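**Student:** Here it is: the structure, laid out below.
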Amino acid sequence: MRVLEAIFLVFINPLFYKITLTAATPLIFASLGGVYSEITGVVNIALEGIMLLGAFTSVVFTWLTGNVWIGVFMAVVSGVALAWFHAWGSIKWAGNQVVLGTALILIAQGITGFLMEPIFGKPGQTDFVGKVEELRIPGLADIPFLGKIIGETSPFVYMAFAAVAFSWWLIYKTKLGLRMRSVGENPEAADTLGINVYGIRYFGVLMSGVWAGLAGAYLSVGEVGHFRELMSGGRGFIALAAMILGNYNPVGAMLASLLFGASSAFANQMQSSSLIHVSATVKPLFDMIPFILTIIVVAGFVGKSHVPKADGVPYEKEA
Amino acid sequence: MNKKVMAILVPVVSVLIALAISTVIILLIGKNPIDAYGALIKGSFGSKQAIADTVIKTTPLILTGLAVGFGFRAGVFNIGAEGQMVMGALIAATFASNFGSLPPLLAIPLTILIAMSVGAGYAAIAGFLKAKTGAHEVVTTIMLNWIATYFASYMVTGPLKVGSGTPKSPEISDSCQLPVLMKVGAIEMSAGIIIAIIAAIFMYILLNKTTTGYEVKAVGFNPYAAEYGGISVGKNIVLAMAISGALAGLAGATELMGVHHRFLGELSGGKGFDGISIALIGQNNPIGIIFAAFLIGALRTGSNEMQFIGVPKHMVMIIQGIVIFLVAADRIVRTIMIRKRVEK
């Protein structure tokens, strides 16, 4: 009974919903990145590495300039740079996209770990360098319950939802979006119609660098204000699962990200519940929840979602 | 240039390019690359102890390399060697501390069998989900890695915990420990390396001389053609993952029974992921994998020495990443080599 009561208390606490949103934010950004890349036909599992590099870069530049927004901007630049390598290897050289993604994750983990000592003088974790302040929206913040959830929170949360709306418009309402989807479905036909298949695919992959870079910036300067080695902690892959569950659609990916966000918020709130005493040794079991959920979701929905037909298949012009 | 020569040249040239790039990186942080590589070689081959240490580090890497390589041959990308190794070692450790009454001749094979079956079973989950629902094994095995990591962390800080400091399980019974082949100072080199080489021979025979190997390869090469030829694709995907996982579990067993004699900390420490680069450098060939594992084992062992002169050991990860990238997009290397020949 105490467990049920604890669960009930979690659900009526606005903090649970606020944490759901903040936990979903990096997943929304990164899964958008996945959508941009994969609807044009390039599998991008490098999201995990791009996030990690973005998290690192934003901390480095925040520390150097004292301005978090310069840090965030540089995270996007570094994300695009790493994504460019993915595009170059998979579009120009027709390499195996999954293996290239794995390589880039390893390179991102290597570079960020390698530069810790030369830049910050110690391995593992940096000091606090500054973080993006929470934004208080007057009026909205005063509404009971709802105000506690969205009235005062990180600007990244609002940006994430704006990014979803923008992406939906771009992908479904513009000529460019139509071209993106067509090169992911049938590159031969698109090419015949004069669409630059390589160019559009480059655009998709580089945009995934923009979004995953922002996701990374949120993890470091957006949320905690420091960088820790391997801090992306598998969230790039959870974002991929959110993209699949969301049917390769920005709005769907957002909803799936919210589901994953809710599962980690739930684990987080249950652990700190005063009704049930969760001992420190059991905490790892709670940490498993989002990963188990991801497997269930991927296994349960993957057959039902519409995968872009040319996803993962390098396109080669016939001579 | 014929295919076999290319199969050897592409990874060799990729490693050379990666070393060239890392030389530039070492220069950029203001260190001397000759000193750094000198320290690397001294750390991995500079003394009897260093060589023994390199062989010890190579042992699990051969096995995880075989695990991933076998998967590639069968058309599955098993990124989960890490988790399968952890689970195999963890469950084997749980049982093996109670095997004191058994003679080694029974206890050693039994412990190995437990680790391999657990690894196989854990990998088969991903294989089953791929065969049944189409869930990509890359996503599921990575999730299974995290679950294994957290589960192991729970076990060694909770039910299995002994002592203080680094979380660890109780020591396994003496009768489960692998015999020591050579003792250099404080370093004991166990028979694990022999097990790893036997596993490589086993994989060679399985792939090249048996019907199972033929079917698994056929599914990996072209699932549609295999299905048409009467081979069950689903069954072979599960089987391929299980064999791959068994090899990863065996890597966990050699670490447990030959090196730590208990489940210590995270045990795997990225060796499962190293298996990916090793399989690619070794071109998924058992003999190639032994050499590639030796290369990565030497880099990992030597990188500690390199760290002493101020070059972080993460350098090795960057080198590995670049090598994987170049082997995956092997046309980059092929184009460079063809251009070189044309110029001549």
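To be explicit about the labels: the chains of the structure tokens are called A, B, and onward in the order shown, and within each one the residues are counted from 1, while ligands get numbers from 1 in the order they are shown.
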Among segment 27-167 of chain B, which ones does DSSP place in helix (DSSP H, G or I), written as JSON, numbers by chain?
**Tutor:** {"B": [27, 28, 33, 34, 35, 36, 37, 38, 39, 40, 41, 42, 43, 44, 45, 48, 49, 50, 51, 52, 53, 54, 55, 56, 57, 58, 59, 60, 61, 62, 63, 64, 65, 66, 67, 68, 69, 70, 71, 72, 73, 81, 82, 83, 84, 85, 86, 87, 88, 89, 90, 91, 92, 93, 94, 95, 96, 104, 105, 106, 107, 108, 109, 110, 111, 112, 113, 114, 115, 116, 117, 118, 119, 120, 121, 122, 123, 124, 125, 126, 127, 128, 129, 130, 131, 132, 133, 137, 138, 139, 140, 141, 142, 143, 144, 145, 146, 147, 148, 149, 150, 151, 152, 153, 154, 155, 156, 157]}
**Student:** Would you mind listing what lies within 6 Å of segment 229-244 of chain A as a list of chain:residue names, with only C-alpha atoms counted and same-chain residues fewer than 3 positions away left out?
**Tutor:**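 My reading of the contact set: A:Leu27, A:Ala30, A:Ser31, A:Leu47, A:Glu48, A:Leu52, A:Gly124, A:Asn247, A:Tyr248, A:Ala253, A:Ala256, A:Ser257.
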**Student:** Expressed in Å to a single decimal, how great is the separation between atom CA of Val99 of chain A and atom CA of Ala328 of chain B?
**Tutor:**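 Value for the atom CA of Val99 of chain A-atom CA of Ala328 of chain B distance: 6.1 Å.
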**Student:** For the interface of chain A with chain B (cut-off 6 Å, counting only C-alpha atoms), please tabulate each contacting residue of chain A alongside its nearest pair of atoms and their separation in Å to one decimal, rows sorted by chain and increasing number, as CSV.
**Tutor:**
residue,atom,partner,partner_atom,distance
A:Gly89,CA,B:Ala329,CA,5.8
A:Trp93,CA,B:Ala329,CA,5.9
A:Gly95,CA,B:Ala329,CA,3.9
A:Asn96,CA,B:Ala328,CA,5.5
A:Leu100,CA,B:Phe325,CA,5.2
A:Ala103,CA,B:Gly321,CA,4.5
A:Leu106,CA,B:Gly321,CA,5.1
A:Ile107,CA,B:Ile318,CA,4.8
A:Gly110,CA,B:Ile318,CA,4.9
A:Gly113,CA,B:His314,CA,5.9
A:Phe114,CA,B:His314,CA,5.0
A:Thr281,CA,B:Gly158,CA,5.5
A:Pro284,CA,B:Tyr150,CA,5.0
A:Met288,CA,B:Ile147,CA,5.4
A:Phe291,CA,B:Met143,CA,5.3
A:Ile295,CA,B:Thr140,CA,5.7
A:Val298,CA,B:Ala135,CA,5.8
A:Ala299,CA,B:Ala135,CA,5.0
A:Val302,CA,B:Ala135,CA,5.8
A:Gly303,CA,B:Thr133,CA,5.9
**Student:** Any chance you could tabulate, as a Markdown table, the residues of segment 206-263 of chain A at most 10 Å from segment 58-82 of chain A with each one's nearest atom pair and distance in Å to one decimal, using only C-alpha atoms, in chain and rising number order?
**Tutor:**
| residue | atom | partner | partner_atom | distance |
| --- | --- | --- | --- | --- |
| A:Leu206 | CA | A:Val80 | CA | 5.3 |
| A:Met207 | CA | A:Val80 | CA | 7.1 |
| A:Ser208 | CA | A:Val80 | CA | 7.6 |
| A:Gly209 | CA | A:Val80 | CA | 4.3 |
| A:Val210 | CA | A:Val76 | CA | 4.9 |
| A:Trp211 | CA | A:Val76 | CA | 7.4 |
| A:Ala212 | CA | A:Gly79 | CA | 6.6 |
| A:Gly213 | CA | A:Gly79 | CA | 4.5 |
| A:Leu214 | CA | A:Val76 | CA | 5.9 |
| A:Ala215 | CA | A:Ala75 | CA | 9.0 |
| A:Gly216 | CA | A:Ala75 | CA | 7.2 |
| A:Ala217 | CA | A:Val72 | CA | 5.6 |
| A:Tyr218 | CA | A:Val72 | CA | 8.1 |
| A:Leu219 | CA | A:Ser58 | CA | 9.7 |
| A:Ser220 | CA | A:Val59 | CA | 6.7 |
| A:Val221 | CA | A:Val59 | CA | 6.3 |
| A:Gly222 | CA | A:Val72 | CA | 8.7 |
| A:Gly225 | CA | A:Val59 | CA | 7.4 |
| A:His226 | CA | A:Val59 | CA | 6.3 |
| A:Phe227 | CA | A:Val59 | CA | 6.4 |
**Student:** Name all residues at most 8 Å from Ala200 of chain B (count only C-alpha atoms; drop same-chain ones fewer than 5 positions away) and give them as a PyMOL selection string.
**Tutor:** chain B and resi 62-63+66+286-287+290
**Student:** Take the residues from that selection and write them out as an mmCIF file, in the first residue's frame, keeping all heavy atoms.
**Tutor:**
data_model
loop_
_atom_site.group_PDB
_atom_site.id
_atom_site.type_symbol
_atom_site.label_atom_id
_atom_site.label_comp_id
_atom_site.auth_asym_id
_atom_site.auth_seq_id
_atom_site.Cartn_x
_atom_site.Cartn_y
_atom_site.Cartn_z
ATOM 1 N N ILE B 62 40.840 -10.906 -27.831
ATOM 2 C CA ILE B 62 40.684 -11.889 -28.916
ATOM 3 C C ILE B 62 39.246 -12.398 -28.885
ATOM 4 O O ILE B 62 38.570 -12.479 -29.918
ATOM 5 C CB ILE B 62 41.656 -13.079 -28.737
ATOM 6 C CG1 ILE B 62 43.101 -12.627 -28.902
ATOM 7 C CG2 ILE B 62 41.339 -14.198 -29.741
ATOM 8 C CD1 ILE B 62 44.136 -13.716 -28.628
ATOM 9 N N LEU B 63 38.766 -12.695 -27.674
ATOM 10 C CA LEU B 63 37.429 -13.297 -27.553
ATOM 11 C C LEU B 63 36.317 -12.322 -27.915
ATOM 12 O O LEU B 63 35.377 -12.687 -28.628
ATOM 13 C CB LEU B 63 37.243 -13.859 -26.145
ATOM 14 C CG LEU B 63 38.147 -15.068 -25.859
ATOM 15 C CD1 LEU B 63 38.197 -15.380 -24.380
ATOM 16 C CD2 LEU B 63 37.671 -16.282 -26.650
ATOM 17 N N LEU B 66 36.432 -11.954 -31.629
ATOM 18 C CA LEU B 66 35.792 -13.093 -32.286
ATOM 19 C C LEU B 66 34.271 -12.971 -32.188
ATOM 20 O O LEU B 66 33.552 -13.260 -33.144
ATOM 21 C CB LEU B 66 36.232 -14.411 -31.631
ATOM 22 C CG LEU B 66 37.689 -14.858 -31.825
ATOM 23 C CD1 LEU B 66 37.969 -16.086 -30.970
ATOM 24 C CD2 LEU B 66 37.984 -15.150 -33.280
ATOM 25 N N PRO B 286 39.405 -15.084 -38.161
ATOM 26 C CA PRO B 286 39.924 -15.465 -36.842
ATOM 27 C C PRO B 286 41.417 -15.177 -36.663
ATOM 28 O O PRO B 286 41.830 -14.702 -35.593
ATOM 29 C CB PRO B 286 39.655 -16.966 -36.782
ATOM 30 C CG PRO B 286 38.512 -17.194 -37.697
ATOM 31 C CD PRO B 286 38.622 -16.175 -38.781
ATOM 32 N N ILE B 287 42.219 -15.430 -37.687
ATOM 33 C CA ILE B 287 43.664 -15.175 -37.545
ATOM 34 C C ILE B 287 43.925 -13.677 -37.512
ATOM 35 O O ILE B 287 44.690 -13.176 -36.680
ATOM 36 C CB ILE B 287 44.444 -15.833 -38.705
ATOM 37 C CG1 ILE B 287 44.205 -17.353 -38.656
ATOM 38 C CG2 ILE B 287 45.932 -15.521 -38.610
ATOM 39 C CD1 ILE B 287 44.517 -18.065 -39.945
ATOM 40 N N ILE B 290 43.226 -12.328 -34.094
ATOM 41 C CA ILE B 290 44.271 -12.541 -33.088
ATOM 42 C C ILE B 290 45.323 -11.428 -33.188
ATOM 43 O O ILE B 290 45.696 -10.815 -32.181
ATOM 44 C CB ILE B 290 44.931 -13.932 -33.258
ATOM 45 C CG1 ILE B 290 43.906 -15.030 -32.939
ATOM 46 C CG2 ILE B 290 46.157 -14.064 -32.351
ATOM 47 C CD1 ILE B 290 44.416 -16.442 -33.131
#
**Student:** Counting only C-alpha atoms, which of A:Ala94, A:Leu275, A:Ile19, A:Ala46 gets nearest to Leu258 of chain A?
**Tutor:**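 Residue with the minimum atom-to-atom distance to Leu258 of chain A: A:Ile19.
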**Student:** Just want the 7 Å neighbourhood of Thr153 of chain A, counted on only C-alpha atoms, with same-chain residues fewer than 2 positions away dropped. Output as an MDAnalysis selection string.
**Tutor:** chainID A and resid 134:136 150:151 155
**Student:** For those residues, write N, CA, C and O atoms to a file as a PDB file, in the first residue's frame.
**Tutor:**
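Below you can see again24.pdb, which holds the result:
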ATOM      1  N   GLU A 134      17.226  29.618 -15.384  1.00  0.00           N
ATOM      2  CA  GLU A 134      15.827  29.300 -15.655  1.00  0.00           C
ATOM      3  C   GLU A 134      15.095  30.580 -16.053  1.00  0.00           C
ATOM      4  O   GLU A 134      15.425  31.666 -15.586  1.00  0.00           O
ATOM      5  N   LEU A 135      14.123  30.411 -16.931  1.00  0.00           N
ATOM      6  CA  LEU A 135      13.375  31.567 -17.421  1.00  0.00           C
ATOM      7  C   LEU A 135      12.032  31.599 -16.695  1.00  0.00           C
ATOM      8  O   LEU A 135      11.306  30.599 -16.687  1.00  0.00           O
ATOM      9  N   ARG A 136      11.731  32.741 -16.059  1.00  0.00           N
ATOM     10  CA  ARG A 136      10.443  32.845 -15.374  1.00  0.00           C
ATOM     11  C   ARG A 136       9.499  33.662 -16.245  1.00  0.00           C
ATOM     12  O   ARG A 136       9.818  34.781 -16.651  1.00  0.00           O
ATOM     13  N   ILE A 150       5.594  24.694 -16.017  1.00  0.00           N
ATOM     14  CA  ILE A 150       6.192  25.375 -17.169  1.00  0.00           C
ATOM     15  C   ILE A 150       6.381  26.873 -16.960  1.00  0.00           C
ATOM     16  O   ILE A 150       6.854  27.565 -17.855  1.00  0.00           O
ATOM     17  N   GLY A 151       6.031  27.370 -15.777  1.00  0.00           N
ATOM     18  CA  GLY A 151       6.133  28.814 -15.550  1.00  0.00           C
ATOM     19  C   GLY A 151       7.572  29.253 -15.377  1.00  0.00           C
ATOM     20  O   GLY A 151       7.957  30.355 -15.739  1.00  0.00           O
ATOM     21  N   PRO A 155      15.161  27.639 -20.519  1.00  0.00           N
ATOM     22  CA  PRO A 155      14.739  28.086 -21.850  1.00  0.00           C
ATOM     23  C   PRO A 155      14.847  26.971 -22.889  1.00  0.00           C
ATOM     24  O   PRO A 155      14.130  26.982 -23.891  1.00  0.00           O
TER      25      PRO A 155
END
**Student:** Find the residues around Phe99 of chain B up to 9 Å (only C-alpha atoms counted), leave out those fewer than 3 positions away in its own chain, and share them as a PDB file with N, CA and C atoms, in the first residue's frame.
**Tutor:**
ATOM      1  N   PHE B  95      28.112 -18.296  -8.906  1.00  0.00           N
ATOM      2  CA  PHE B  95      28.160 -19.741  -8.644  1.00  0.00           C
ATOM      3  C   PHE B  95      29.546 -20.194  -8.194  1.00  0.00           C
ATOM      4  N   ALA B  96      30.573 -19.616  -8.833  1.00  0.00           N
ATOM      5  CA  ALA B  96      31.916 -20.190  -8.708  1.00  0.00           C
ATOM      6  C   ALA B  96      32.541 -20.011  -7.326  1.00  0.00           C
ATOM      7  N   LEU B 102      34.427 -29.143  -5.659  1.00  0.00           N
ATOM      8  CA  LEU B 102      34.603 -29.835  -6.940  1.00  0.00           C
ATOM      9  C   LEU B 102      36.083 -29.850  -7.336  1.00  0.00           C
ATOM     10  N   PRO B 103      36.515 -30.927  -8.014  1.00  0.00           N
ATOM     11  CA  PRO B 103      37.898 -30.920  -8.525  1.00  0.00           C
ATOM     12  C   PRO B 103      38.012 -29.943  -9.701  1.00  0.00           C
ATOM     13  N   ALA B 107      35.291 -28.235 -12.088  1.00  0.00           N
ATOM     14  CA  ALA B 107      34.904 -26.863 -11.739  1.00  0.00           C
ATOM     15  C   ALA B 107      35.220 -25.877 -12.863  1.00  0.00           C
ATOM     16  N   THR B 111      32.359 -23.667 -14.769  1.00  0.00           N
ATOM     17  CA  THR B 111      32.318 -22.206 -14.669  1.00  0.00           C
ATOM     18  C   THR B 111      32.324 -21.588 -16.070  1.00  0.00           C
ATOM     19  N   ILE B 172      36.384 -16.386  -6.193  1.00  0.00           N
ATOM     20  CA  ILE B 172      35.895 -17.694  -6.631  1.00  0.00           C
ATOM     21  C   ILE B 172      36.785 -18.778  -6.037  1.00  0.00           C
ATOM     22  N   SER B 173      36.248 -20.010  -5.955  1.00  0.00           N
ATOM     23  CA  SER B 173      37.009 -21.109  -5.349  1.00  0.00           C
ATOM     24  C   SER B 173      38.296 -21.359  -6.123  1.00  0.00           C
ATOM     25  N   ASP B 174      39.328 -21.841  -5.406  1.00  0.00           N
ATOM     26  CA  ASP B 174      40.620 -22.120  -6.049  1.00  0.00           C
ATOM     27  C   ASP B 174      40.466 -23.056  -7.236  1.00  0.00           C
ATOM     28  N   SER B 175      39.538 -24.015  -7.081  1.00  0.00           N
ATOM     29  CA  SER B 175      39.411 -25.040  -8.122  1.00  0.00           C
ATOM     30  C   SER B 175      38.850 -24.477  -9.421  1.00  0.00           C
ATOM     31  N   CYS B 176      38.269 -23.231  -9.378  1.00  0.00           N
ATOM     32  CA  CYS B 176      37.741 -22.631 -10.606  1.00  0.00           C
ATOM     33  C   CYS B 176      38.759 -21.728 -11.283  1.00  0.00           C
TER      34      CYS B 176
END
**Student:** For Pro187 of chain A, please output as a ChimeraX atom specification all residues within 8 Å (counting only C-alpha atoms; exclusion window: fewer than 4 positions along the same chain).
**Tutor:** /A:182-183,191,197,310,315
**Student:** Taking N, CA and C atoms for each residue, export the selection above as a PDB file, in the first residue's frame.
**Tutor:**
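Written file, again.pdb:
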ATOM      1  N   SER A 182      11.696  12.526 -50.113  1.00  0.00           N
ATOM      2  CA  SER A 182      11.772  11.746 -51.352  1.00  0.00           C
ATOM      3  C   SER A 182      13.138  11.082 -51.526  1.00  0.00           C
ATOM      4  N   VAL A 183      14.215  11.740 -51.112  1.00  0.00           N
ATOM      5  CA  VAL A 183      15.516  11.082 -51.274  1.00  0.00           C
ATOM      6  C   VAL A 183      15.685   9.936 -50.265  1.00  0.00           C
ATOM      7  N   ASP A 191      16.475  11.555 -58.027  1.00  0.00           N
ATOM      8  CA  ASP A 191      17.593  11.969 -58.871  1.00  0.00           C
ATOM      9  C   ASP A 191      17.118  12.234 -60.295  1.00  0.00           C
ATOM     10  N   VAL A 197      20.491  14.497 -54.732  1.00  0.00           N
ATOM     11  CA  VAL A 197      20.359  13.529 -53.634  1.00  0.00           C
ATOM     12  C   VAL A 197      21.449  13.728 -52.599  1.00  0.00           C
ATOM     13  N   ALA A 310      14.815   3.924 -48.151  1.00  0.00           N
ATOM     14  CA  ALA A 310      16.240   3.880 -48.493  1.00  0.00           C
ATOM     15  C   ALA A 310      17.109   4.146 -47.268  1.00  0.00           C
ATOM     16  N   TYR A 315      23.550   5.815 -51.598  1.00  0.00           N
ATOM     17  CA  TYR A 315      23.077   6.017 -52.965  1.00  0.00           C
ATOM     18  C   TYR A 315      24.271   6.219 -53.885  1.00  0.00           C
TER      19      TYR A 315
END
**Student:** Need to verify the contact set: Val55 of chain B, 10 Å, only C-alpha atoms, exclusion of same-chain residues closer than 3 positions in sequence. Can you return it as a list of chain:residue names?
**Tutor:**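 Listing them by chain and then by number gives B:Ser44, B:Gln49, B:Ala50, B:Ile51, B:Ala52, B:Thr58, B:Thr59, B:Pro60, B:Leu61, B:Met189, B:Ser190, B:Gly192, B:Ile193, B:Ala293, B:Phe294, B:Gly297, B:Ala298, B:Thr301.
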